[in-house]
Amino acid sequence: MENLGKLPEFNSLGIRINWYGLADGNSFYCSCETSIQPWLEGRPVIVASNSDKIAIALNRRAKSLGFRMGDMLFEKTRELKEHDVVVFSSNYELYGDLSARMHTCLGSFVEDMQIESIDEVFLKFTGYDDWDIDAYGRTIIRTVRKGLWIPIALGIAPTQTLAKAANKLAKTELDRESCYVIATEEDRAEALQKLPLH
């Protein structure tokens with residue numbers, strides 16, 4: 001189905017739609033480490049708790065090798081060495097600094113936003129009805145990536161709950177280039193079919 005990228009201004013009842021985008025940094029702590037050490041690109045990376053005993057963040061490469069959040073790293077010594085995994089102690093000063101810079105960058109694209117956590121922000125896109133929102137979303141993603149070396153995913157939808165769903169799909173639907181838009185009822189039905197039930 002072709003998506004022209006533009007958002008409906010009103011719903012079927014004639015009520016103006018409030019559009020939301022959920023942007024979040026992918027594997028944020030690991031991405032922060034990679035942003036200041038580009039040689040890590042493509043390498044499996046794990047960030048450990050302050051005691052260096054427990055995995056609290058993993059990038060996609062580390063997850064693909066079977067490592068999981070909560071792993072006791074002293075029990076995984078052989079696997080870590082075998083796969084040449086890079087392990088960092090958590091550096092919250094770095095993560096906080098890059099989070100603030102990411103929020104500032106994201107805020108430059110919209111008039112209103114709501115910070116949810118160190119790596120998640122809701123952007124309000126109401127009033128952007130005449131824009132090609134797909135292209136605009138990808139511009140946001142590229143700008144953050146280029147400026148901070150932080151990859152983000154962006155889900156855009158008419159509610160915050162659907163924006164969260166769209167964000168999840170933005171991370172798995174590779175042809176969407178990390179931006180997933182739920183603009184119509186057809187989009188909503190298609191997106192909800194793709195999401196696993198828990």
# chains A, B, ... in the order shown; residues from 1 in each chain; ligands from 1

call {"tool": "residues_around", "arguments": {"residues": "Pro196 (chain A)", "least_positions_apart": "2", "cutoff": "12 Å", "atoms": "only C-alpha atoms", "output": "ChimeraX atom specification"}}
result
/A:165,168-169,191-194,198

call {"tool": "write_last_selection", "arguments": {"atoms": "N, CA, C and O atoms", "output": "PDB file, in the first residue's frame"}}
result
ATOM      1  N   ALA A 165       3.598   1.515  19.588  1.00  0.00           N
ATOM      2  CA  ALA A 165       3.523   0.339  18.714  1.00  0.00           C
ATOM      3  C   ALA A 165       4.291   0.590  17.421  1.00  0.00           C
ATOM      4  O   ALA A 165       5.043  -0.267  16.947  1.00  0.00           O
ATOM      5  N   LYS A 168       8.045   0.315  17.913  1.00  0.00           N
ATOM      6  CA  LYS A 168       8.532  -1.070  17.940  1.00  0.00           C
ATOM      7  C   LYS A 168       8.724  -1.592  16.523  1.00  0.00           C
ATOM      8  O   LYS A 168       9.715  -2.252  16.205  1.00  0.00           O
ATOM      9  N   LEU A 169       7.762  -1.288  15.648  1.00  0.00           N
ATOM     10  CA  LEU A 169       7.849  -1.768  14.264  1.00  0.00           C
ATOM     11  C   LEU A 169       8.935  -1.038  13.489  1.00  0.00           C
ATOM     12  O   LEU A 169       9.536  -1.598  12.573  1.00  0.00           O
ATOM     13  N   ALA A 191      -0.528  -2.727  11.390  1.00  0.00           N
ATOM     14  CA  ALA A 191       0.509  -2.650  12.422  1.00  0.00           C
ATOM     15  C   ALA A 191       0.194  -3.586  13.584  1.00  0.00           C
ATOM     16  O   ALA A 191       1.084  -4.306  14.068  1.00  0.00           O
ATOM     17  N   LEU A 192      -1.050  -3.601  14.040  1.00  0.00           N
ATOM     18  CA  LEU A 192      -1.409  -4.431  15.192  1.00  0.00           C
ATOM     19  C   LEU A 192      -1.323  -5.919  14.855  1.00  0.00           C
ATOM     20  O   LEU A 192      -1.030  -6.736  15.735  1.00  0.00           O
ATOM     21  N   GLN A 193      -1.531  -6.267  13.593  1.00  0.00           N
ATOM     22  CA  GLN A 193      -1.365  -7.674  13.183  1.00  0.00           C
ATOM     23  C   GLN A 193       0.094  -8.112  13.266  1.00  0.00           C
ATOM     24  O   GLN A 193       0.395  -9.275  13.514  1.00  0.00           O
ATOM     25  N   LYS A 194       1.001  -7.171  13.041  1.00  0.00           N
ATOM     26  CA  LYS A 194       2.429  -7.496  13.026  1.00  0.00           C
ATOM     27  C   LYS A 194       3.013  -7.628  14.424  1.00  0.00           C
ATOM     28  O   LYS A 194       4.048  -8.264  14.606  1.00  0.00           O
ATOM     29  N   HIS A 198       1.299 -10.578  23.923  1.00  0.00           N
ATOM     30  CA  HIS A 198       1.975 -11.040  25.141  1.00  0.00           C
ATOM     31  C   HIS A 198       0.922 -11.419  26.175  1.00  0.00           C
ATOM     32  O   HIS A 198      -0.110 -10.830  26.251  1.00  0.00           O
TER      33      HIS A 198
END

call {"tool": "select_by_dssp", "arguments": {"residues": "region 3-197 of chain A", "states": "alpha helix (DSSP H)", "output": "JSON list (two decimals) with C-alpha atoms, in the first residue's frame"}}
result
[["chain", "number", "residue", "atom", "x", "y", "z"],
["A", 28, "PHE", "CA", 21.00, 3.78, 24.04],
["A", 29, "TYR", "CA", 23.82, 3.13, 26.52],
["A", 30, "CYS", "CA", 25.69, 1.02, 23.96],
["A", 31, "SER", "CA", 25.09, 3.65, 21.28],
["A", 32, "CYS", "CA", 26.52, 6.32, 23.58],
["A", 33, "GLU", "CA", 29.70, 4.30, 23.97],
["A", 34, "THR", "CA", 29.89, 3.80, 20.21],
["A", 35, "SER", "CA", 29.28, 7.50, 19.54],
["A", 36, "ILE", "CA", 32.58, 8.43, 21.18],
["A", 60, "ARG", "CA", 21.71, -5.61, 18.53],
["A", 61, "ARG", "CA", 24.89, -7.50, 17.66],
["A", 62, "ALA", "CA", 25.33, -8.72, 21.23],
["A", 63, "LYS", "CA", 21.69, -9.81, 21.39],
["A", 64, "SER", "CA", 22.09, -11.73, 18.14],
["A", 77, "THR", "CA", 33.53, -15.24, 30.43],
["A", 78, "ARG", "CA", 34.14, -17.89, 27.79],
["A", 79, "GLU", "CA", 31.37, -16.65, 25.49],
["A", 80, "LEU", "CA", 32.44, -13.01, 25.85],
["A", 81, "LYS", "CA", 35.99, -13.89, 24.82],
["A", 82, "GLU", "CA", 34.86, -16.22, 22.03],
["A", 92, "TYR", "CA", 25.86, 7.75, 33.50],
["A", 93, "GLU", "CA", 27.57, 11.12, 33.11],
["A", 94, "LEU", "CA", 28.18, 10.34, 29.42],
["A", 95, "TYR", "CA", 24.68, 8.94, 28.91],
["A", 96, "GLY", "CA", 23.08, 11.97, 30.58],
["A", 97, "ASP", "CA", 25.09, 14.40, 28.46],
["A", 98, "LEU", "CA", 24.23, 12.66, 25.18],
["A", 99, "SER", "CA", 20.61, 12.30, 26.26],
["A", 100, "ALA", "CA", 20.34, 16.05, 26.83],
["A", 101, "ARG", "CA", 21.92, 16.73, 23.44],
["A", 102, "MET", "CA", 19.58, 14.25, 21.75],
["A", 103, "HIS", "CA", 16.54, 15.89, 23.39],
["A", 104, "THR", "CA", 17.73, 19.31, 22.23],
["A", 105, "CYS", "CA", 18.20, 18.04, 18.69],
["A", 106, "LEU", "CA", 14.78, 16.39, 18.61],
["A", 107, "GLY", "CA", 13.15, 19.49, 20.09],
["A", 133, "ILE", "CA", 5.72, 13.08, 7.49],
["A", 134, "ASP", "CA", 7.63, 10.00, 6.32],
["A", 135, "ALA", "CA", 10.32, 12.18, 4.76],
["A", 136, "TYR", "CA", 10.34, 14.53, 7.76],
["A", 137, "GLY", "CA", 10.67, 11.61, 10.15],
["A", 138, "ARG", "CA", 13.64, 10.25, 8.23],
["A", 139, "THR", "CA", 15.23, 13.70, 8.24],
["A", 140, "ILE", "CA", 14.96, 13.72, 12.04],
["A", 141, "ILE", "CA", 16.54, 10.27, 12.25],
["A", 142, "ARG", "CA", 19.40, 11.18, 9.90],
["A", 143, "THR", "CA", 20.09, 14.45, 11.72],
["A", 144, "VAL", "CA", 20.40, 12.79, 15.13],
["A", 145, "ARG", "CA", 22.56, 10.05, 13.64],
["A", 146, "LYS", "CA", 24.84, 12.49, 11.84],
["A", 147, "GLY", "CA", 25.17, 14.95, 14.72],
["A", 148, "LEU", "CA", 25.43, 12.59, 17.68],
["A", 160, "GLN", "CA", 0.78, 7.82, 22.29],
["A", 161, "THR", "CA", -0.07, 4.12, 22.65],
["A", 162, "LEU", "CA", -0.08, 3.63, 18.87],
["A", 163, "ALA", "CA", 3.10, 5.70, 18.57],
["A", 164, "LYS", "CA", 4.76, 3.19, 20.92],
["A", 165, "ALA", "CA", 3.52, 0.34, 18.71],
["A", 166, "ALA", "CA", 4.81, 2.13, 15.61],
["A", 167, "ASN", "CA", 8.16, 2.67, 17.32],
["A", 168, "LYS", "CA", 8.53, -1.07, 17.94],
["A", 169, "LEU", "CA", 7.85, -1.77, 14.26],
["A", 170, "ALA", "CA", 10.27, 0.96, 13.19],
["A", 185, "GLU", "CA", -7.28, 2.79, 10.02],
["A", 186, "GLU", "CA", -5.75, 0.38, 7.50],
["A", 187, "ASP", "CA", -2.29, 1.23, 8.80],
["A", 188, "ARG", "CA", -3.46, 0.62, 12.37],
["A", 189, "ALA", "CA", -4.93, -2.79, 11.56],
["A", 190, "GLU", "CA", -1.82, -3.81, 9.64],
["A", 191, "ALA", "CA", 0.51, -2.65, 12.42],
["A", 192, "LEU", "CA", -1.41, -4.43, 15.19],
["A", 193, "GLN", "CA", -1.37, -7.67, 13.18],
["A", 194, "LYS", "CA", 2.43, -7.50, 13.03]]

call {"tool": "residues_around", "arguments": {"residues": "Leu7 (chain A)", "least_positions_apart": "6", "cutoff": "9 Å", "atoms": "only C-alpha atoms", "output": "JSON list (two decimals) with N, CA and C atoms, in the first residue's frame"}}
result
[["chain", "number", "residue", "atom", "x", "y", "z"],
["A", 19, "TRP", "N", -1.35, 14.28, 16.67],
["A", 19, "TRP", "CA", -0.38, 13.29, 16.19],
["A", 19, "TRP", "C", 0.86, 13.28, 17.07],
["A", 128, "TYR", "N", 1.11, 19.35, 11.42],
["A", 128, "TYR", "CA", 2.04, 19.00, 10.35],
["A", 128, "TYR", "C", 1.31, 18.24, 9.23],
["A", 129, "ASP", "N", 0.01, 18.49, 9.11],
["A", 129, "ASP", "CA", -0.82, 17.70, 8.21],
["A", 129, "ASP", "C", -0.40, 17.81, 6.74],
["A", 130, "ASP", "N", 0.11, 18.94, 6.35],
["A", 130, "ASP", "CA", 0.49, 19.15, 4.95],
["A", 130, "ASP", "C", 1.92, 18.70, 4.65],
["A", 131, "TRP", "N", 2.60, 18.19, 5.66],
["A", 131, "TRP", "CA", 3.98, 17.76, 5.47],
["A", 131, "TRP", "C", 4.04, 16.32, 5.01],
["A", 132, "ASP", "N", 5.09, 15.97, 4.31],
["A", 132, "ASP", "CA", 5.39, 14.56, 4.02],
["A", 132, "ASP", "C", 6.05, 14.03, 5.28],
["A", 133, "ILE", "N", 5.24, 13.43, 6.16],
["A", 133, "ILE", "CA", 5.72, 13.08, 7.49],
["A", 133, "ILE", "C", 6.74, 11.95, 7.45],
["A", 183, "ALA", "N", -1.00, 6.11, 9.88],
["A", 183, "ALA", "CA", -1.76, 7.30, 9.50],
["A", 183, "ALA", "C", -3.24, 7.03, 9.27],
["A", 184, "THR", "N", -3.61, 5.79, 8.97],
["A", 184, "THR", "CA", -4.99, 5.47, 8.64],
["A", 184, "THR", "C", -5.45, 4.26, 9.44]]

call {"tool": "atom_distance", "arguments": {"atom1": "CA of Leu154 (chain A)", "atom2": "CA of Ile17 (chain A)"}}
result
18.6 Å

call {"tool": "select_by_dssp", "arguments": {"residues": "region 9-117 of chain A", "states": "strand (DSSP E)", "output": "PyMOL selection string"}}
result
chain A and resi 20-25+45-48+55-58+86-89+113-115

call {"tool": "write_last_selection", "arguments": {"atoms": "N, CA and C atoms", "output": "PDB file, in the first residue's frame"}}
result
ATOM      1  N   TYR A  20       1.314  12.066  17.397  1.00  0.00           N
ATOM      2  CA  TYR A  20       2.471  11.907  18.271  1.00  0.00           C
ATOM      3  C   TYR A  20       3.545  11.073  17.585  1.00  0.00           C
ATOM      4  N   GLY A  21       4.777  11.405  17.885  1.00  0.00           N
ATOM      5  CA  GLY A  21       5.891  10.568  17.465  1.00  0.00           C
ATOM      6  C   GLY A  21       6.677  10.153  18.692  1.00  0.00           C
ATOM      7  N   LEU A  22       6.984   8.870  18.795  1.00  0.00           N
ATOM      8  CA  LEU A  22       7.861   8.405  19.871  1.00  0.00           C
ATOM      9  C   LEU A  22       9.226   8.130  19.273  1.00  0.00           C
ATOM     10  N   ALA A  23      10.206   8.916  19.710  1.00  0.00           N
ATOM     11  CA  ALA A  23      11.592   8.725  19.275  1.00  0.00           C
ATOM     12  C   ALA A  23      12.378   8.143  20.429  1.00  0.00           C
ATOM     13  N   ASP A  24      13.146   7.106  20.158  1.00  0.00           N
ATOM     14  CA  ASP A  24      14.025   6.605  21.208  1.00  0.00           C
ATOM     15  C   ASP A  24      15.343   6.129  20.630  1.00  0.00           C
ATOM     16  N   GLY A  25      16.371   6.267  21.461  1.00  0.00           N
ATOM     17  CA  GLY A  25      17.708   5.860  21.040  1.00  0.00           C
ATOM     18  C   GLY A  25      17.850   4.353  21.096  1.00  0.00           C
ATOM     19  N   VAL A  45      28.472  -5.099  21.823  1.00  0.00           N
ATOM     20  CA  VAL A  45      28.775  -4.240  22.965  1.00  0.00           C
ATOM     21  C   VAL A  45      27.771  -4.510  24.078  1.00  0.00           C
ATOM     22  N   ILE A  46      28.291  -4.598  25.304  1.00  0.00           N
ATOM     23  CA  ILE A  46      27.454  -4.752  26.488  1.00  0.00           C
ATOM     24  C   ILE A  46      27.880  -3.698  27.502  1.00  0.00           C
ATOM     25  N   VAL A  47      26.885  -3.081  28.130  1.00  0.00           N
ATOM     26  CA  VAL A  47      27.153  -2.180  29.260  1.00  0.00           C
ATOM     27  C   VAL A  47      26.732  -2.897  30.529  1.00  0.00           C
ATOM     28  N   ALA A  48      27.639  -2.880  31.510  1.00  0.00           N
ATOM     29  CA  ALA A  48      27.403  -3.598  32.761  1.00  0.00           C
ATOM     30  C   ALA A  48      27.005  -2.637  33.873  1.00  0.00           C
ATOM     31  N   ALA A  55      24.700  -7.564  33.013  1.00  0.00           N
ATOM     32  CA  ALA A  55      24.456  -6.847  31.758  1.00  0.00           C
ATOM     33  C   ALA A  55      23.177  -6.024  31.882  1.00  0.00           C
ATOM     34  N   ILE A  56      23.285  -4.713  31.703  1.00  0.00           N
ATOM     35  CA  ILE A  56      22.098  -3.860  31.790  1.00  0.00           C
ATOM     36  C   ILE A  56      21.721  -3.251  30.443  1.00  0.00           C
ATOM     37  N   ALA A  57      22.600  -3.370  29.451  1.00  0.00           N
ATOM     38  CA  ALA A  57      22.295  -2.878  28.099  1.00  0.00           C
ATOM     39  C   ALA A  57      23.131  -3.659  27.094  1.00  0.00           C
ATOM     40  N   LEU A  58      22.502  -3.974  25.966  1.00  0.00           N
ATOM     41  CA  LEU A  58      23.183  -4.724  24.904  1.00  0.00           C
ATOM     42  C   LEU A  58      22.800  -4.128  23.564  1.00  0.00           C
ATOM     43  N   VAL A  86      32.773  -6.418  23.576  1.00  0.00           N
ATOM     44  CA  VAL A  86      33.338  -5.292  24.315  1.00  0.00           C
ATOM     45  C   VAL A  86      32.386  -4.947  25.455  1.00  0.00           C
ATOM     46  N   VAL A  87      32.887  -4.984  26.684  1.00  0.00           N
ATOM     47  CA  VAL A  87      32.067  -4.719  27.868  1.00  0.00           C
ATOM     48  C   VAL A  87      32.525  -3.428  28.534  1.00  0.00           C
ATOM     49  N   PHE A  88      31.563  -2.539  28.830  1.00  0.00           N
ATOM     50  CA  PHE A  88      31.855  -1.272  29.491  1.00  0.00           C
ATOM     51  C   PHE A  88      31.162  -1.210  30.840  1.00  0.00           C
ATOM     52  N   SER A  89      31.801  -0.576  31.798  1.00  0.00           N
ATOM     53  CA  SER A  89      31.114  -0.181  33.026  1.00  0.00           C
ATOM     54  C   SER A  89      30.177   0.980  32.674  1.00  0.00           C
ATOM     55  N   MET A 113       7.261  18.835  22.910  1.00  0.00           N
ATOM     56  CA  MET A 113       7.692  17.461  23.128  1.00  0.00           C
ATOM     57  C   MET A 113       7.578  17.119  24.608  1.00  0.00           C
ATOM     58  N   GLN A 114       7.557  15.838  24.885  1.00  0.00           N
ATOM     59  CA  GLN A 114       7.412  15.348  26.255  1.00  0.00           C
ATOM     60  C   GLN A 114       8.488  14.294  26.501  1.00  0.00           C
ATOM     61  N   ILE A 115       9.430  14.596  27.381  1.00  0.00           N
ATOM     62  CA  ILE A 115      10.516  13.666  27.675  1.00  0.00           C
ATOM     63  C   ILE A 115      10.012  12.564  28.594  1.00  0.00           C
TER      64      ILE A 115
END

call {"tool": "closest_residue", "arguments": {"among": "A:Tyr180, A:Asp84, A:Leu123, A:Asn26", "to": "Ile152 (chain A)", "atoms": "only C-alpha atoms"}}
result
A:Asn26

call {"tool": "closest_residue", "arguments": {"among": "A:Leu73, A:Val85, A:Ile182, A:Val110", "to": "Pro44 (chain A)", "atoms": "only C-alpha atoms"}}
result
A:Val85
